[in-house]
Each structure stands twice: as structure tokens, then as C-alpha cells.
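Asks: Following this line is entry_9.cif, made up of mmCIF, C-alpha atoms:
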data_protein
#
loop_
_atom_site.label_atom_id
_atom_site.label_comp_id
_atom_site.auth_asym_id
_atom_site.auth_seq_id
_atom_site.Cartn_x
_atom_site.Cartn_y
_atom_site.Cartn_z
CA MET A 1 12.11 -16.42 1.56
CA ALA A 2 8.69 -15.76 3.04
CA ALA A 3 10.07 -12.54 4.57
CA ALA A 4 11.31 -11.47 1.13
CA GLY A 5 7.95 -12.49 -0.30
CA ALA A 6 6.03 -10.35 2.19
CA ILE A 7 8.02 -7.28 1.12
CA LEU A 8 7.46 -8.20 -2.51
CA VAL A 9 3.69 -8.42 -2.02
CA ARG A 10 3.62 -4.98 -0.44
CA THR A 11 5.70 -3.67 -3.36
CA LEU A 12 3.27 -5.06 -5.93
CA ARG A 13 0.32 -3.54 -4.08
CA LEU A 14 2.11 -0.19 -4.02
CA LEU A 15 2.73 -0.39 -7.77
CA GLU A 16 -0.83 -1.46 -8.57
CA GLY A 17 -2.03 1.62 -6.72
CA LYS A 18 0.17 3.82 -8.91
CA VAL A 19 -0.86 2.32 -12.26
CA ARG A 20 -2.82 4.97 -14.11
CA GLU A 21 -2.76 6.93 -17.35
CA GLY A 22 0.30 9.17 -17.69
CA VAL A 23 2.55 7.37 -15.20
CA THR A 24 5.85 6.22 -16.69
CA THR A 25 7.43 2.84 -16.13
CA ALA A 26 10.42 4.72 -14.67
CA ASP A 27 8.08 6.23 -12.07
CA LEU A 28 7.01 2.72 -11.07
CA ASP A 29 10.61 1.52 -10.93
CA GLU A 30 11.67 4.40 -8.69
CA ALA A 31 8.78 3.81 -6.30
CA ALA A 32 9.53 0.08 -6.10
CA GLU A 33 13.24 0.50 -5.42
CA LYS A 34 12.65 3.15 -2.74
CA PHE A 35 10.11 0.95 -0.95
CA ILE A 36 12.11 -2.28 -1.16
CA ARG A 37 15.22 -0.62 0.27
CA SER A 38 13.15 1.03 3.01
CA GLN A 39 12.23 -2.47 4.17
CA GLY A 40 15.85 -3.53 4.63
CA ALA A 41 15.86 -5.55 1.43
CA GLU A 42 17.31 -5.22 -2.06
CA PRO A 43 15.71 -5.28 -5.52
CA ALA A 44 16.93 -8.62 -6.85
CA PHE A 45 16.77 -7.56 -10.51
CA LYS A 46 18.97 -4.46 -10.20
CA GLY A 47 22.28 -5.31 -11.84
CA TYR A 48 21.31 -8.93 -12.46
CA ARG A 49 23.26 -9.87 -15.61
CA GLY A 50 23.51 -6.12 -16.21
CA PHE A 51 19.78 -5.37 -15.98
CA PRO A 52 19.44 -1.65 -15.16
CA GLY A 53 16.03 -1.60 -13.47
CA SER A 54 14.67 -2.64 -10.09
CA ILE A 55 11.55 -4.13 -11.71
CA CYS A 56 10.54 -5.37 -15.13
CA ALA A 57 7.68 -3.32 -16.59
CA SER A 58 6.32 -4.80 -19.82
CA PRO A 59 3.36 -3.16 -21.61
CA ASN A 60 0.92 -4.76 -24.06
CA SER A 61 2.73 -7.04 -26.55
CA MET A 62 5.90 -7.02 -24.44
CA VAL A 63 5.84 -10.26 -22.49
CA VAL A 64 8.71 -9.89 -20.02
CA HIS A 65 12.00 -8.13 -19.19
CA GLY A 66 10.85 -4.60 -19.99
CA ILE A 67 13.45 -2.03 -18.86
CA PRO A 68 11.65 0.82 -17.06
CA GLY A 69 11.93 4.15 -18.82
CA SER A 70 9.97 6.94 -20.47
CA TYR A 71 6.99 4.85 -21.62
CA GLU A 72 3.77 6.49 -20.36
CA LEU A 73 0.88 4.22 -19.51
CA LYS A 74 -2.21 4.79 -21.64
CA ARG A 75 -5.84 4.03 -21.02
CA GLY A 76 -6.55 0.49 -22.21
CA ASP A 77 -2.96 -0.74 -21.79
CA LEU A 78 -1.92 -3.90 -20.02
CA ILE A 79 1.24 -3.60 -17.91
CA SER A 80 3.05 -6.67 -16.59
CA LEU A 81 4.99 -5.91 -13.39
CA ASP A 82 7.67 -8.43 -12.39
CA VAL A 83 9.47 -7.88 -9.08
CA GLY A 84 12.29 -9.68 -7.29
CA VAL A 85 13.30 -9.06 -3.67
CA THR A 86 16.40 -10.29 -1.82
CA LYS A 87 16.24 -10.35 1.99
CA GLU A 88 19.19 -11.67 4.01
CA GLY A 89 20.45 -13.61 1.01
CA TRP A 90 17.13 -15.24 0.09
CA VAL A 91 15.17 -14.35 -3.05
CA ALA A 92 11.46 -14.11 -3.87
CA ASP A 93 10.06 -13.45 -7.35
CA ALA A 94 6.51 -12.64 -8.46
CA ALA A 95 4.58 -10.89 -11.22
CA VAL A 96 1.12 -9.55 -12.04
CA THR A 97 -0.47 -8.06 -15.16
CA VAL A 98 -2.57 -4.97 -14.46
CA PRO A 99 -5.08 -3.17 -16.71
CA VAL A 100 -4.78 0.59 -17.11
CA GLY A 101 -8.41 1.62 -16.78
CA PRO A 102 -11.04 -0.19 -18.86
CA VAL A 103 -9.66 -2.76 -21.32
CA THR A 104 -11.09 -4.82 -24.16
CA PRO A 105 -12.97 -8.06 -23.44
CA GLN A 106 -10.09 -10.02 -24.98
CA ALA A 107 -7.57 -8.29 -22.71
CA ARG A 108 -9.69 -9.00 -19.64
CA GLN A 109 -10.05 -12.65 -20.63
CA LEU A 110 -6.28 -12.90 -21.20
CA ILE A 111 -5.56 -11.51 -17.73
CA ASP A 112 -8.11 -13.76 -16.06
CA THR A 113 -6.97 -16.89 -17.91
CA THR A 114 -3.27 -16.35 -17.18
CA ARG A 115 -3.98 -15.74 -13.49
CA GLU A 116 -6.17 -18.85 -13.30
CA ALA A 117 -3.48 -20.89 -15.07
CA LEU A 118 -1.04 -19.86 -12.33
CA TYR A 119 -3.53 -21.00 -9.69
CA ALA A 120 -4.03 -24.31 -11.52
CA GLY A 121 -0.30 -24.96 -11.66
CA THR A 122 0.20 -23.96 -8.03
CA GLU A 123 -2.45 -26.44 -6.90
CA GLN A 124 -0.29 -29.26 -8.32
CA ILE A 125 2.75 -28.35 -6.21
CA ARG A 126 2.42 -31.25 -3.78
CA PRO A 127 4.79 -34.00 -2.61
CA GLN A 128 4.89 -37.03 -4.92
CA ASN A 129 3.46 -35.02 -7.83
CA ARG A 130 5.72 -34.52 -10.82
CA LEU A 131 6.88 -31.29 -12.39
CA GLY A 132 4.92 -32.27 -15.49
CA ASP A 133 1.71 -32.13 -13.45
CA VAL A 134 2.35 -28.43 -12.82
CA SER A 135 3.22 -27.72 -16.45
CA ALA A 136 0.25 -29.65 -17.85
CA ALA A 137 -2.25 -27.92 -15.56
CA ILE A 138 -1.04 -24.51 -16.74
CA GLN A 139 -1.12 -25.50 -20.40
CA ARG A 140 -4.60 -26.99 -20.15
CA ARG A 141 -6.09 -23.86 -18.59
CA VAL A 142 -4.54 -21.52 -21.17
CA GLU A 143 -5.26 -23.52 -24.30
CA THR A 144 -8.86 -24.22 -23.27
CA GLU A 145 -9.43 -20.46 -23.72
CA GLY A 146 -7.74 -20.36 -27.12
CA PHE A 147 -4.61 -18.53 -25.98
CA SER A 148 -0.97 -19.59 -26.53
CA ILE A 149 1.64 -20.69 -24.00
CA ILE A 150 5.04 -19.20 -24.80
CA ARG A 151 7.27 -22.26 -24.97
CA SER A 152 10.66 -20.55 -25.11
CA LEU A 153 10.22 -18.90 -21.68
CA VAL A 154 10.00 -20.94 -18.48
CA GLY A 155 9.71 -20.77 -14.72
CA HIS A 156 12.55 -21.86 -12.46
CA GLY A 157 13.74 -23.03 -9.11
CA ILE A 158 14.60 -20.25 -6.66
CA GLY A 159 16.42 -19.88 -3.35
CA ARG A 160 19.68 -18.09 -2.67
CA ASP A 161 19.87 -17.38 -6.40
CA MET A 162 17.00 -16.08 -8.48
CA HIS A 163 17.34 -18.71 -11.19
CA GLU A 164 18.05 -22.23 -9.98
CA ASP A 165 17.24 -25.70 -11.30
CA PRO A 166 14.86 -27.01 -12.42
CA GLN A 167 13.52 -25.13 -15.40
CA ILE A 168 9.72 -25.24 -15.33
CA PRO A 169 7.97 -25.20 -18.73
CA ASN A 170 4.38 -24.00 -18.88
CA TYR A 171 3.45 -26.99 -21.05
CA GLY A 172 4.00 -30.71 -20.71
CA GLU A 173 2.59 -34.09 -19.82
CA PRO A 174 1.28 -35.06 -16.39
CA GLY A 175 3.28 -37.69 -14.53
CA ARG A 176 6.58 -36.73 -16.18
CA GLY A 177 9.68 -35.00 -14.85
CA PRO A 178 11.25 -34.74 -11.38
CA GLU A 179 9.20 -35.70 -8.34
CA LEU A 180 8.30 -32.77 -6.08
CA GLN A 181 9.59 -33.02 -2.53
CA PRO A 182 9.12 -30.92 0.61
CA GLY A 183 11.67 -28.12 0.81
CA MET A 184 11.73 -27.39 -2.92
CA VAL A 185 10.83 -23.81 -3.88
CA LEU A 186 9.62 -23.01 -7.39
CA ALA A 187 8.90 -19.82 -9.30
CA ILE A 188 5.81 -20.66 -11.36
CA GLU A 189 5.12 -18.13 -14.11
CA PRO A 190 2.76 -18.67 -17.03
CA MET A 191 3.55 -16.28 -19.90
CA VAL A 192 0.73 -16.18 -22.41
CA ASN A 193 0.04 -14.54 -25.77
CA ALA A 194 -3.40 -13.73 -27.08
CA GLY A 195 -2.14 -14.69 -30.56
CA GLY A 196 0.54 -17.17 -31.56
CA ALA A 197 3.17 -18.62 -29.25
CA GLN A 198 6.20 -17.16 -31.04
CA VAL A 199 8.23 -14.33 -29.50
CA ARG A 200 11.03 -11.99 -30.54
CA VAL A 201 13.71 -10.15 -28.57
CA GLY A 202 13.81 -6.35 -28.75
CA GLU A 203 16.74 -4.17 -29.80
CA ASP A 204 17.85 -3.72 -26.18
CA ASN A 205 18.42 -7.50 -25.98
CA TRP A 206 16.19 -7.66 -22.90
CA ALA A 207 12.54 -7.09 -23.77
CA VAL A 208 10.66 -10.09 -25.18
CA TYR A 209 7.61 -9.38 -27.38
CA SER A 210 4.91 -11.52 -28.95
CA ALA A 211 6.11 -12.02 -32.53
CA ASP A 212 2.70 -11.15 -33.99
CA GLY A 213 2.16 -8.06 -31.84
CA SER A 214 -0.68 -9.62 -29.87
CA LEU A 215 -1.29 -8.80 -26.21
CA ALA A 216 0.64 -10.75 -23.59
CA ALA A 217 0.13 -11.45 -19.89
CA HIS A 218 2.42 -12.73 -17.12
CA PHE A 219 1.63 -13.88 -13.59
CA GLU A 220 4.05 -15.46 -11.12
CA PHE A 221 4.24 -16.90 -7.62
CA THR A 222 7.16 -18.16 -5.57
CA VAL A 223 5.83 -21.42 -4.09
CA ALA A 224 7.30 -23.84 -1.54
CA VAL A 225 6.53 -27.55 -1.56
CA THR A 226 5.43 -28.62 1.93
CA GLU A 227 4.04 -31.82 3.45
CA ASP A 228 0.65 -30.07 3.48
CA GLY A 229 0.81 -28.96 -0.15
CA PRO A 230 1.75 -25.66 -1.80
CA ARG A 231 2.75 -22.68 0.33
CA VAL A 232 2.70 -19.47 -1.70
CA LEU A 233 5.52 -17.23 -0.40
CA THR A 234 4.39 -14.23 -2.49
CA PRO A 235 0.61 -14.24 -1.81
CA TRP A 236 -0.41 -11.13 -3.76
CA HIS A 237 -3.78 -12.84 -4.35
CA GLU A 238 -4.70 -12.61 -0.67
CA GLU A 239 -6.22 -9.50 0.87
#
Represent the structure of the file as C-alpha cells.

Replies:
Amino acid sequence: MAAAGAILVRTLRLLEGKVREGVTTADLDEAAEKFIRSQGAEPAFKGYRGFPGSICASPNSMVVHGIPGSYELKRGDLISLDVGVTKEGWVADAAVTVPVGPVTPQARQLIDTTREALYAGTEQIRPQNRLGDVSAAIQRRVETEGFSIIRSLVGHGIGRDMHEDPQIPNYGEPGRGPELQPGMVLAIEPMVNAGGAQVRVGEDNWAVYSADGSLAAHFEFTVAVTEDGPRVLTPWHEE
């Protein structure tokens, strides 16, 4: 999974370098698929439950599951890039939200808060902690800044399949839920709206939008529980 994660990190860095005004989400998808396959791996999303893209590319009020296409990035946009990689039967999954040039102060705060919420949740991924410790840490960081956790979308276990048990809400109470044990691998992914927590599904039955049209952000790590604490298998935060 770490090998898949290393390819995924390089894919995200490639995509971040291509994010600029006038680039289409299809352009990003094509670049990602070409690179992933060049590394002897496969894009985990392609064909998953019929999904047509190699990545999810979700701009502005679209939270997740954006099908890449003709949308052209504009100055001031936010674009959430979610990538899955399968290497020798093992899956890694990660996401970042990237600004397209200068963005509003609210957009910058939303990005920063969602990223920091991911870090806060990851820090709780330690043996003998409970899943609720992870969820509560994410919720606390987001709501302190006045943003909304999307409650109908969750993280998940991951391994040979992209979505495995347990489901991982981004809200909850510390000390509740399953105990974390070495060997577990979790996909932690706060999904946050600048406005209310409600979402709606688009006409393509894939894209999920904030119901009130407010900006959304999405960050994700694949994290292993080890005796020494969390091991991030998709360390896009490290240079």
C-alpha cells in the first residue's frame, strides 16, 4: 500500500503543477492516468461502480466525485483532486484541494482548516485509541472555524478494496467506536462546506454539491495504524 501511495503522491504533485486557468478537468484526468500507468499501477477509480474517470475533479461547490470533462479552471476557483492507485492488488486513496491562483480569504481559510482537520484526525490514529477520537478531532477543528462537516459522507477502511469497513464519520464523540489496532489502514477524509452541512447529488448521479452553493474542500490521507502511531502512506504533505 505504501508503494501505491508513493505513486499517488507523485500523481498529486504532477496535477498540482498543472492546475492553472484554462486547463480542463479532462486534461488533469488524462495526465493522471498516463502517469499512473507509466508507474506499473492502475487508476483505482476508473470503472469503479461505473465511474468513467481516473480521478475525481470537483470544483468550488462540488464536494466530491466530480467526473472529469470540459470544465475549464478559472482564476479564483478551488479544485478538489481525489486520486486512487492500485499497485499489485493493494489500494491507496488521497485527496487535496488546490486554489487556482489567488482566492478569497474565506476560500483560503476553508482550505487551511480542512487540511488541519485531516492532520488533527491523523494524529489520533494510535493503538488503543477509538475511532471516535479520530472523528471528534476532525469535527472540533472544523467547527471551531465556523465551517460545517458534511455528515452524509464518510471516510473508510482500505486495503485490497478501496472501500472497506469501518465507515469513518468526520464527527463524533471521543472514546466511542472500535478500538484502533496495529495493522488497520484507514482512509481519513474530512469533507467540509463553508456554509451549511447539507449536500445534493448532481444530475449525473455522481457529483455531490453543497446544497446552498457554498464552497467546499476535501483532503484525504491513507493512514496505517502502527505500534509507533500513525504512518501516512500517502504523504503528499511532505517535501

Asks: Could you build a table of the residues in segment 9-125 of chain A lying no more than 9 Å from segment 230-236 of chain A, giving for each the nearest pair of atoms and their separation in Å rounded to one decimal place, using all atoms listed in the file, ordered by chain and ascending residue number, as a Markdown table?

Replies:
| residue | atom | partner | partner_atom | distance |
| --- | --- | --- | --- | --- |
| A:Val9 | CA | A:Trp236 | CA | 5.2 |
| A:Arg10 | CA | A:Trp236 | CA | 8.1 |
| A:Leu12 | CA | A:Trp236 | CA | 7.4 |
| A:Arg13 | CA | A:Trp236 | CA | 7.6 |
| A:Ala92 | CA | A:Thr234 | CA | 7.2 |
| A:Asp93 | CA | A:Thr234 | CA | 7.5 |
| A:Ala94 | CA | A:Thr234 | CA | 6.5 |
| A:Ala95 | CA | A:Trp236 | CA | 9.0 |
| A:Val96 | CA | A:Trp236 | CA | 8.6 |
| A:Thr122 | CA | A:Pro230 | CA | 6.6 |
| A:Glu123 | CA | A:Pro230 | CA | 6.7 |
| A:Gln124 | CA | A:Pro230 | CA | 7.7 |
| A:Ile125 | CA | A:Pro230 | CA | 5.3 |

Asks: Applying the PyMOL selection byres ((chain A and resi 215-224) around 7) to the file I just gave you, which residues come out? Please list them as a compact mmCIF listing (two decimals) with C-alpha atoms, in the coordinates of the input.

Replies:
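Final output, saved to expr_21.txt:
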# COMPACT_ATOMS: atom_id res chain seq x y z
CA ASN A 60 0.92 -4.76 -24.06
CA SER A 61 2.73 -7.04 -26.55
CA MET A 62 5.90 -7.02 -24.44
CA VAL A 63 5.84 -10.26 -22.49
CA SER A 80 3.05 -6.67 -16.59
CA ALA A 92 11.46 -14.11 -3.87
CA ASP A 93 10.06 -13.45 -7.35
CA ALA A 94 6.51 -12.64 -8.46
CA ALA A 95 4.58 -10.89 -11.22
CA VAL A 96 1.12 -9.55 -12.04
CA THR A 97 -0.47 -8.06 -15.16
CA LEU A 110 -6.28 -12.90 -21.20
CA ILE A 111 -5.56 -11.51 -17.73
CA THR A 114 -3.27 -16.35 -17.18
CA ARG A 115 -3.98 -15.74 -13.49
CA LEU A 118 -1.04 -19.86 -12.33
CA GLY A 183 11.67 -28.12 0.81
CA MET A 184 11.73 -27.39 -2.92
CA VAL A 185 10.83 -23.81 -3.88
CA LEU A 186 9.62 -23.01 -7.39
CA ALA A 187 8.90 -19.82 -9.30
CA ILE A 188 5.81 -20.66 -11.36
CA GLU A 189 5.12 -18.13 -14.11
CA PRO A 190 2.76 -18.67 -17.03
CA MET A 191 3.55 -16.28 -19.90
CA VAL A 192 0.73 -16.18 -22.41
CA ASN A 193 0.04 -14.54 -25.77
CA ALA A 194 -3.40 -13.73 -27.08
CA SER A 210 4.91 -11.52 -28.95
CA GLY A 213 2.16 -8.06 -31.84
CA SER A 214 -0.68 -9.62 -29.87
CA VAL A 225 6.53 -27.55 -1.56
CA THR A 226 5.43 -28.62 1.93
CA PRO A 230 1.75 -25.66 -1.80
CA ARG A 231 2.75 -22.68 0.33
CA VAL A 232 2.70 -19.47 -1.70
CA LEU A 233 5.52 -17.23 -0.40
CA THR A 234 4.39 -14.23 -2.49

Asks: Work out how far apart atom CA of Ser135 of chain A and atom CA of Asn170 of chain A are and give it in Å to one decimal.

Replies: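 Going from atom CA of Ser135 of chain A over to atom CA of Asn170 of chain A, I get 4.6 Å.
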
Asks: List every residue of segment 133-234 of chain A that has an atom at most 7 Å from any atom of segment 65-78 of chain A, giving for each one its closest atom pair and the distance in Å to one decimal, counting all atoms listed in the file, sorted by chain and then by ascending residue number, as a tab-separated table.

Replies:
residue	atom	partner	partner_atom	distance
A:Trp206	CA	A:His65	CA	5.6
A:Ala207	CA	A:His65	CA	4.7
A:Val208	CA	A:His65	CA	6.4

Asks: If I take atom CA of Glu16 of chain A and atom CA of Val98 of chain A, how far is one from the other in Å, to one decimal?

Replies: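 Atom CA of Glu16 of chain A sits 7.1 Å away from atom CA of Val98 of chain A.
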
Asks: If we count all atoms listed in the file and set the cut-off at 12 Å, which residues sit around Gly172 of chain A, ignoring sequence neighbours fewer than 5 positions away in its own chain? Please answer as a ChimeraX atom specification.

Replies: /A:121,130-140,149,151,154,177

Asks: When you count only C-alpha atoms, which of these residues is closest to His237 of chain A: A:Glu116, A:Leu180, A:Ile168, A:Ile150?

Replies: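 Once distances to His237 of chain A are computed over only C-alpha atoms, the minimum belongs to A:Glu116.
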
Asks: Could you tell me which residues the PyMOL selection byres ((chain A and resi 37) around 12) grabs in this file, written as an NGL selection string?

Replies: :A and (4 or 7-8 or 11 or 30-36 or 38-44 or 46 or 54 or 85-87)

Asks: Mind writing segment 100-111 of chain A to a file for me, with all heavy atoms, as a short mmCIF file (atom, residue, chain, number, x, y, z; two decimals), in the first residue's frame?

Replies:
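Contents of decode-v7.cif, as written:
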data_model
loop_
_atom_site.label_atom_id
_atom_site.label_comp_id
_atom_site.auth_asym_id
_atom_site.auth_seq_id
_atom_site.Cartn_x
_atom_site.Cartn_y
_atom_site.Cartn_z
N VAL A 100 -6.83 27.95 -7.56
CA VAL A 100 -6.42 28.33 -8.91
C VAL A 100 -6.06 29.81 -8.87
O VAL A 100 -6.94 30.68 -8.95
CB VAL A 100 -7.52 28.05 -9.95
CG1 VAL A 100 -7.01 28.37 -11.36
CG2 VAL A 100 -7.99 26.61 -9.87
N GLY A 101 -4.80 30.11 -8.66
CA GLY A 101 -4.38 31.49 -8.49
C GLY A 101 -4.85 32.04 -7.16
O GLY A 101 -5.19 31.29 -6.23
N PRO A 102 -4.90 33.36 -7.03
CA PRO A 102 -5.36 33.97 -5.77
C PRO A 102 -6.83 33.64 -5.51
O PRO A 102 -7.63 33.60 -6.45
CB PRO A 102 -5.17 35.47 -6.01
CG PRO A 102 -4.23 35.58 -7.17
CD PRO A 102 -4.46 34.37 -8.01
N VAL A 103 -7.16 33.40 -4.25
CA VAL A 103 -8.55 33.10 -3.87
C VAL A 103 -8.96 34.03 -2.73
O VAL A 103 -8.14 34.73 -2.15
CB VAL A 103 -8.71 31.62 -3.45
CG1 VAL A 103 -8.45 30.70 -4.62
CG2 VAL A 103 -7.81 31.27 -2.27
N THR A 104 -10.25 34.02 -2.41
CA THR A 104 -10.77 34.88 -1.35
C THR A 104 -10.23 34.45 0.01
O THR A 104 -9.84 33.29 0.19
CB THR A 104 -12.30 34.83 -1.31
OG1 THR A 104 -12.71 33.52 -0.92
CG2 THR A 104 -12.91 35.19 -2.67
N PRO A 105 -10.24 35.35 0.98
CA PRO A 105 -9.82 34.96 2.34
C PRO A 105 -10.63 33.79 2.88
O PRO A 105 -10.09 32.90 3.55
CB PRO A 105 -10.04 36.23 3.15
CG PRO A 105 -9.87 37.35 2.17
CD PRO A 105 -10.46 36.81 0.89
N GLN A 106 -11.94 33.77 2.61
CA GLN A 106 -12.76 32.64 3.09
C GLN A 106 -12.30 31.33 2.46
O GLN A 106 -12.19 30.30 3.14
CB GLN A 106 -14.23 32.86 2.76
CG GLN A 106 -15.12 31.74 3.32
CD GLN A 106 -16.51 31.71 2.73
OE1 GLN A 106 -16.67 31.72 1.50
NE2 GLN A 106 -17.52 31.70 3.59
N ALA A 107 -12.01 31.35 1.16
CA ALA A 107 -11.57 30.14 0.48
C ALA A 107 -10.25 29.65 1.05
O ALA A 107 -10.05 28.45 1.27
CB ALA A 107 -11.46 30.39 -1.02
N ARG A 108 -9.33 30.56 1.30
CA ARG A 108 -8.04 30.19 1.87
C ARG A 108 -8.23 29.60 3.27
O ARG A 108 -7.60 28.58 3.61
CB ARG A 108 -7.13 31.42 1.92
CG ARG A 108 -5.82 31.22 2.67
CD ARG A 108 -5.04 30.02 2.21
NE ARG A 108 -4.65 30.09 0.82
CZ ARG A 108 -4.08 29.08 0.17
NH1 ARG A 108 -3.87 27.92 0.79
NH2 ARG A 108 -3.74 29.21 -1.10
N GLN A 109 -9.09 30.20 4.07
CA GLN A 109 -9.34 29.68 5.41
C GLN A 109 -9.98 28.29 5.34
O GLN A 109 -9.66 27.41 6.15
CB GLN A 109 -10.24 30.64 6.19
CG GLN A 109 -10.45 30.21 7.64
CD GLN A 109 -11.46 31.10 8.37
OE1 GLN A 109 -12.18 31.88 7.75
NE2 GLN A 109 -11.51 30.97 9.69
N LEU A 110 -10.89 28.08 4.38
CA LEU A 110 -11.54 26.79 4.22
C LEU A 110 -10.51 25.71 3.88
O LEU A 110 -10.52 24.61 4.45
CB LEU A 110 -12.61 26.87 3.13
CG LEU A 110 -13.33 25.57 2.79
CD1 LEU A 110 -14.17 25.09 3.96
CD2 LEU A 110 -14.21 25.77 1.54
N ILE A 111 -9.62 26.01 2.95
CA ILE A 111 -8.55 25.07 2.59
C ILE A 111 -7.70 24.74 3.81
O ILE A 111 -7.45 23.58 4.13
CB ILE A 111 -7.68 25.64 1.45
CG1 ILE A 111 -8.45 25.64 0.14
CG2 ILE A 111 -6.39 24.84 1.30
CD1 ILE A 111 -7.68 26.32 -1.00
#
